[in-house]
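Enquirer: One structure, pasted below without further comment.
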Amino acid sequence: MKIALHRVVAVMLRYLFIERRNYVRFIESLFWPTMDIMLWGLASVWMEKQHVRLPNVVLVMMTGLVLWSIVSRAQLEVVMPLLEELWQRSLITLFATPLTCAEWIVGVMLNGLIKTAVVFAFGVVMVWLLYTLNVFSVGWMLLPFALSLMLFGWAVGFLGAAIVIYVGQKAQNVAWMLSFVFAPVSGIFYPISVLPSWAQKIAWGLPLAHIFEGMRTILFTGTLPWGNLLVGFSLGAFYLFLAISLFLFMFERSRRYGFDRL
Amino acid sequence: MSAVLEVTQLTKEFPSRKEHGGTFCAVDHVSFALGQGEILGLLGPNGAGKTTTIQMLLSTLGPTSGSISYFGKDFFQHRSEILQHVGFASTYVSVPHHLTVYENMVIHGRLYGMSAGERAAQSEKFLKAFGAWEIRGQMFGTLSAGQKTRVTLAKVFMTSPRVVFLDEPTAALDPDIAKEVRTFIRRQQEDQGVSILFTSHNMSEVTEVCDRVLVLQAGKIIADNTPDALAASVSTAHVYLDVGDGLKRTVAYVQSQKLSYQLEERWITIEIDEHKIAELLTELARAGVVYSQIWVERPTLEQYFLTISRQGRKE
């Protein structure tokens with residue numbers, strides 16, 4: 001499969017130019033993480049003051065929150081470009097050019113990587129400013145986990161995009177909600193052992209449980225749990241492969257009925 | 001004339017909601033070719049399959065069966081390579097509203113692999129050609145319908161395409177701008193050898209611009225000819241005479257030639273093959289008929305279109 005770099009760059013610039021003027025959307029991408037950091041951070045500060053038997057509760061909660069923002073942001077950065085094209089009725093104009101679906105996917109993922117990194121960095125700075133906590137106090141070890149989260153965020157994004165490219169704009173709410181479907185079984189703020197046994201089975205089948213458990217291991221012990229990292233990364237990559245395959249399949253199915261119906 | 005586009009038995013069936021398991025055939029085994037440097041009109045009533053055909057030629061809609069080849073190459077095997085030389089503009093699809101005119105041009109140029117210098121030069125050239133250079137900094141979504149159309153056309157031609165599909169390109173334009181666009185299209189054909197597939201509901205425009213016309217009805221091609229030949233196939237010319245002296249002689253001659261006519265006071269309207277108009281006027285002059293006013297109404301493509309539309313509704 002040949003990918004033309006100039007077309008990938010064209011896709012990146014297309015959405016970057018759209019985003020740079022959309023001040024509301026930019027502010028929104030920083031507003032919600034800020035609100036979460038404030039609400040959850042203050043709640044965990046209160047819990048810590050109650051002498052809860054859990055060391056570094058604020059750091060654990062905030063690190064979980066900042067890492068979760070990677071998943072939700074990565075997911076949105078896949079679905080939003082597609083919805084932009086549908087809202088502006090420009091999908092046909094885009095794919096009547098030499099651009100292939102694979103090139104669009106690569107362009108959108110690279111754009112998403114940049115934006116997610118910005119939002120992640122913003123979250124790290126906010127936690128430092130509000131609670132004088134350094135999410136990277138344990139060193140670089142969180143970065144590979146962050147990358148694994150990125151993979152799964154993209155996977156959820158392409159799952160949502162697969163639904164939208166086939167069903168159309170009326171499915172956009174499904175696309176927004178998808179990452180939150182996985183949140184309860186991800187162990188963002190609590191260990192997987194808290195869940196009922198049937199839910200634990202589901203949780204361990206997803207990369208998020210391995211990543212957030214691994215994160216807590218790093219924060220509590222300072223050691224890198226290679227098992228969690230490898231399983232989390234592998235599952236993330238596997239689900240991303242499945243989701244992209246599904247998106248490509250649904251793209252072709254949708255093309256059979258015509259993009260103008262979307 | 002060598003063909004740049006060959007379409008063979010192209011068919012598109014959609015599932016029909018009315019009948020479970022049924023299908024609706026929007027394009028029914030259509031075959032045609034577009035020659036190098038030819039402007040081919042694609043006409044038909046709403047729902048005839050024009051837009052469906054164009055979308056299949058652009059790969060934004062997958063055909064049920066049939067083949068499409070451009071420049072001798074199979075379209076489905078060489079899609080990106082072929083679309084590098086194909087342009088498309090439609091009144092019914094848009095470009096990103098939240099980009100400026102110039103940004104849209106530049107990104108479009110990147111999609112076609114143009115260098116930075118080429119993008120800048122071609123953007124300026126074609127925006128100026130379509131009178132849109134002054135609005136290059138405006139957001140596309142804030143433009144009027146006519147401005148949007150002009151920018152869309154500039155975008156199409158900036159990549160120097162060999163084949164262009166224009167779906168109602170002048171629908172939203174003022175008459176003077178529409179005329180300039182038609183002149184531009186003709187110049188692209190003559191100077192650059194661009195081949196164009198053109199749809200429009202403006203029959204006089206199709207007559208002016210197109211070398212040949214395909215007529216679609218219910219997904220099938222029912223005619224393939226020049227605009228004049230199509231017009232002549234359903235209609236004859238009408239000669240209107242305001243007869244001052246010799247009305248009875250005029251009527252007698254018309255009846256002897258078994259021509260249809262209508263009388264209203266001193267006005268006679270005669271239905272006649274346009275090639276026989278000169279003979280009619282000569283004979284009337286010989287008979288001493290004097291008329292103070294004359295005009296001739298030639299058969300038009302619009303009359304042809306109205307006729308086939310009526311036939312389609314009856315069926």
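Identifiers in this document derive from the order of the structure tokens: chains are assigned A, B, ..., residues are numbered from 1 separately in each chain, and ligands are numbered from 1 in order of occurrence.
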Give me the residues within 7 Å of segment 126-134 of chain A as a list in words, counting only C-alpha atoms and dropping any in the same chain fewer than 5 places off.
Expert: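 Here the qualifying residues turn out to be Ile37, Leu59 and Met62 of chain A.
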Enquirer: Which residues, written as a PyMOL selection string, have at least one atom at most 9 Å from Ile177 of chain B, with only C-alpha atoms counted and residues fewer than 4 positions away on the same chain left out?
Expert: chain B and resi 130+146+150+170+173+181-182
Enquirer: Please produce an output containing C-alpha atoms for each residue in the selection, written as a PDB file, in the first residue's frame.
Expert:
```pdb
ATOM      1  CA  PHE B 130     -12.358  33.750 -12.136  1.00  0.00           C
ATOM      2  CA  GLY B 146     -21.637  32.897  -6.981  1.00  0.00           C
ATOM      3  CA  ARG B 150     -15.991  30.786  -8.956  1.00  0.00           C
ATOM      4  CA  THR B 170     -23.017  28.037 -13.626  1.00  0.00           C
ATOM      5  CA  LEU B 173     -23.801  32.621 -11.304  1.00  0.00           C
ATOM      6  CA  VAL B 181     -17.128  30.830 -17.352  1.00  0.00           C
ATOM      7  CA  ARG B 182     -18.391  29.288 -20.570  1.00  0.00           C
TER       8      ARG B 182
END
```
Enquirer: Just the residues within 7 Å of segment 71-78 of chain A, please, counting only C-alpha atoms, with nothing from its chain fewer than 3 positions along; format it as a list of chain:residue names.
Expert: A:Trp68, A:Pro81, A:Val108, A:Met109, A:Gly112, A:Thr116, A:Leu149, A:Met150, A:Phe152, A:Gly153, A:Trp154, A:Val156, A:Gly157, A:Phe158, A:Ser179
Enquirer: Just how far from atom CA of Pro169 of chain B is atom CA of Leu214 of chain B, in Å to one decimal?
Expert: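 So the two atoms, atom CA of Leu214 of chain B and atom CA of Pro169 of chain B, lie 17.4 Å apart.
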Enquirer: Quick check: residues of chain B within 8 Å of chain A, only C-alpha atoms, returned as a CSV table (one decimal) with N, CA and C atoms, in the first residue's frame.
Expert:
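Result file follows (part-v9.csv):
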```csv
chain,number,residue,atom,x,y,z
B,14,PHE,N,-29.2,0.2,-6.2
B,14,PHE,CA,-29.4,0.4,-4.8
B,14,PHE,C,-30.5,-0.5,-4.3
B,55,GLN,N,-20.4,10.4,-9.9
B,55,GLN,CA,-19.8,9.9,-8.7
B,55,GLN,C,-19.1,8.6,-8.9
B,58,LEU,N,-15.7,9.2,-10.3
B,58,LEU,CA,-14.8,9.8,-9.4
B,58,LEU,C,-14.4,8.8,-8.3
B,59,SER,N,-15.0,7.7,-8.2
B,59,SER,CA,-14.8,6.6,-7.2
B,59,SER,C,-15.4,7.0,-5.8
B,60,THR,N,-16.3,8.0,-5.8
B,60,THR,CA,-16.9,8.3,-4.5
B,60,THR,C,-18.2,7.5,-4.4
B,61,LEU,N,-18.5,6.7,-5.4
B,61,LEU,CA,-19.6,5.8,-5.3
B,61,LEU,C,-19.2,4.5,-6.1
B,62,GLY,N,-19.3,3.4,-5.5
B,62,GLY,CA,-18.8,2.2,-6.1
B,62,GLY,C,-19.9,1.6,-7.1
B,63,PRO,N,-19.5,1.2,-8.3
B,63,PRO,CA,-20.5,0.7,-9.2
B,63,PRO,C,-20.9,-0.8,-8.8
B,79,ARG,N,-6.4,4.1,-9.4
B,79,ARG,CA,-7.2,5.2,-9.0
B,79,ARG,C,-6.5,6.5,-8.7
B,80,SER,N,-5.5,6.5,-7.8
B,80,SER,CA,-4.8,7.7,-7.4
B,80,SER,C,-4.0,8.3,-8.5
B,81,GLU,N,-3.4,7.4,-9.3
B,81,GLU,CA,-2.6,7.9,-10.5
B,81,GLU,C,-3.5,8.6,-11.5
B,82,ILE,N,-4.7,8.0,-11.7
B,82,ILE,CA,-5.6,8.6,-12.7
B,82,ILE,C,-6.2,9.9,-12.1
B,83,LEU,N,-6.7,9.9,-10.9
B,83,LEU,CA,-7.3,11.1,-10.3
B,83,LEU,C,-6.4,12.3,-10.2
B,84,GLN,N,-5.1,12.0,-10.3
B,84,GLN,CA,-4.1,13.1,-10.4
B,84,GLN,C,-4.4,14.0,-11.6
B,86,VAL,N,-7.6,14.4,-13.0
B,86,VAL,CA,-9.0,14.6,-13.1
B,86,VAL,C,-9.4,15.7,-12.1
B,87,GLY,N,-10.3,16.6,-12.5
B,87,GLY,CA,-10.9,17.6,-11.7
B,87,GLY,C,-12.4,17.5,-11.6
B,88,PHE,N,-12.9,18.0,-10.5
B,88,PHE,CA,-14.4,17.9,-10.3
B,88,PHE,C,-14.9,19.2,-9.6
B,93,VAL,N,-21.8,20.0,-3.9
B,93,VAL,CA,-20.9,19.6,-2.8
B,93,VAL,C,-19.9,20.8,-2.5
B,94,SER,N,-19.4,20.8,-1.3
B,94,SER,CA,-18.7,22.0,-0.9
B,94,SER,C,-17.2,21.7,-0.6
B,95,VAL,N,-16.5,22.7,-0.2
B,95,VAL,CA,-15.1,22.6,0.3
B,95,VAL,C,-15.2,23.1,1.7
B,96,PRO,N,-14.1,22.9,2.5
B,96,PRO,CA,-14.2,23.3,3.9
B,96,PRO,C,-14.5,24.8,4.1
B,97,HIS,N,-15.6,25.1,4.9
B,97,HIS,CA,-16.1,26.4,5.1
B,97,HIS,C,-15.1,27.2,6.0
B,98,HIS,N,-14.4,26.5,6.9
B,98,HIS,CA,-13.6,27.2,7.9
B,98,HIS,C,-12.2,27.4,7.4
B,99,LEU,N,-11.9,27.3,6.1
B,99,LEU,CA,-10.7,27.6,5.5
B,99,LEU,C,-10.9,28.8,4.6
B,103,GLU,N,-6.3,29.2,1.4
B,103,GLU,CA,-6.0,28.0,2.1
B,103,GLU,C,-6.6,26.8,1.4
B,107,ILE,N,-4.2,23.8,-0.1
B,107,ILE,CA,-4.3,22.4,0.4
B,107,ILE,C,-4.7,21.5,-0.8
B,108,HIS,N,-5.6,22.0,-1.7
B,108,HIS,CA,-6.0,21.3,-2.9
B,108,HIS,C,-4.7,21.0,-3.7
B,110,ARG,N,-1.7,20.7,-2.7
B,110,ARG,CA,-0.8,19.7,-2.1
B,110,ARG,C,-1.4,18.3,-2.3
B,111,LEU,N,-2.7,18.2,-2.3
B,111,LEU,CA,-3.3,16.9,-2.6
B,111,LEU,C,-2.9,16.3,-3.9
B,112,TYR,N,-2.6,17.3,-4.9
B,112,TYR,CA,-2.2,16.9,-6.2
B,112,TYR,C,-0.7,16.9,-6.4
B,113,GLY,N,0.1,17.1,-5.3
B,113,GLY,CA,1.5,17.0,-5.4
B,113,GLY,C,2.2,18.2,-6.0
```
Enquirer: Write out as number ranges by chain all residues of segment 77-262 of chain A that DSSP puts in alpha helix (DSSP H) for this structure's backbone.
Expert: A: 77-87, 91-95, 101-131, 142-167, 172-182, 197-204, 207-221, 226-257
Enquirer: For the strand (DSSP E) assignment from backbone DSSP, which residues of segment 72-243 of chain B qualify? Please present them as a PyMOL selection string.
Expert: chain B and resi 73-74+86-90+163-167+195-199+212-217+220-225+237-243
Enquirer: Write the residues you've just listed into a file as a CSV table (one decimal), in the first residue's frame, and include C-alpha atoms for each of them.
Expert:
```csv
chain,number,residue,atom,x,y,z
B,73,LYS,CA,-5.9,2.4,-17.7
B,74,ASP,CA,-8.4,0.6,-15.5
B,86,VAL,CA,-9.0,14.6,-13.1
B,87,GLY,CA,-10.9,17.6,-11.7
B,88,PHE,CA,-14.4,17.9,-10.3
B,89,ALA,CA,-16.6,20.8,-9.4
B,90,SER,CA,-20.3,20.7,-8.4
B,163,VAL,CA,-10.4,15.5,-17.6
B,164,VAL,CA,-12.9,17.7,-15.8
B,165,PHE,CA,-16.4,16.9,-14.5
B,166,LEU,CA,-18.6,20.0,-14.0
B,167,ASP,CA,-21.9,19.4,-12.4
B,195,SER,CA,-11.9,17.0,-22.0
B,196,ILE,CA,-15.0,18.0,-20.1
B,197,LEU,CA,-18.1,16.2,-18.9
B,198,PHE,CA,-20.7,18.9,-18.3
B,199,THR,CA,-24.2,18.7,-16.7
B,212,ARG,CA,-22.0,16.3,-28.1
B,213,VAL,CA,-24.8,15.4,-25.6
B,214,LEU,CA,-25.7,12.2,-23.9
B,215,VAL,CA,-29.3,12.0,-22.7
B,216,LEU,CA,-30.0,9.9,-19.7
B,217,GLN,CA,-33.5,8.8,-18.7
B,220,LYS,CA,-30.3,4.5,-19.5
B,221,ILE,CA,-28.7,6.5,-22.4
B,222,ILE,CA,-31.6,7.3,-24.8
B,223,ALA,CA,-29.7,9.6,-27.1
B,224,ASP,CA,-26.1,10.5,-28.1
B,225,ASN,CA,-25.8,13.3,-30.6
B,237,ALA,CA,-38.8,25.3,-36.9
B,238,HIS,CA,-41.6,27.8,-36.6
B,239,VAL,CA,-42.0,30.7,-39.0
B,240,TYR,CA,-44.1,33.6,-37.8
B,241,LEU,CA,-45.4,36.0,-40.5
B,242,ASP,CA,-47.4,39.2,-40.2
B,243,VAL,CA,-49.0,39.1,-43.6
```
Enquirer: Give me the residues within 12 Å of Leu224 of chain A as number ranges by chain, counting only C-alpha atoms and dropping any in the same chain fewer than 2 places off.
Expert: A: 138-145, 211, 213-222, 226-230
Enquirer: Can you pull out the residues contacting Cys101 of chain A? Cut-off 8 Å, using only C-alpha atoms, and skip same-chain residues under 2 positions away; I want them as a PDB file with C-alpha atoms, in the first residue's frame.
Expert:
```
ATOM      1  CA  LEU A  99      -6.189  10.951  -1.656  1.00  0.00           C
ATOM      2  CA  GLU A 103      -3.389   8.461   3.651  1.00  0.00           C
ATOM      3  CA  TRP A 104      -6.298  10.173   5.389  1.00  0.00           C
ATOM      4  CA  ILE A 105      -5.901   7.769   8.321  1.00  0.00           C
ATOM      5  CA  LEU A 248     -11.453   0.630   6.043  1.00  0.00           C
ATOM      6  CA  PHE A 251     -15.450   3.068   4.328  1.00  0.00           C
TER       7      PHE A 251
END
```
Enquirer: One number please: atom CA of Ile294 of chain B to atom CA of Ala252 of chain B, in Å, one decimal.
Expert: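 Computed distance, atom CA of Ile294 of chain B to atom CA of Ala252 of chain B, equals 18.6 Å.
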Enquirer: Using only C-alpha atoms, which residue out of A:Phe247, A:Ala146, A:Ala199, A:Phe31 lies closest to Ala102 of chain A?
Expert: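 Of A:Phe247, A:Ala146, A:Ala199, A:Phe31, the one nearest Ala102 of chain A, counting only C-alpha atoms, is A:Phe247.
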Enquirer: With only C-alpha atoms as the atoms that count, which of B:Thr91, B:Asp176, B:Phe157, B:Gly219 lies nearest to Asp28 of chain B?
Expert: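 The closest residue to Asp28 of chain B is B:Gly219.
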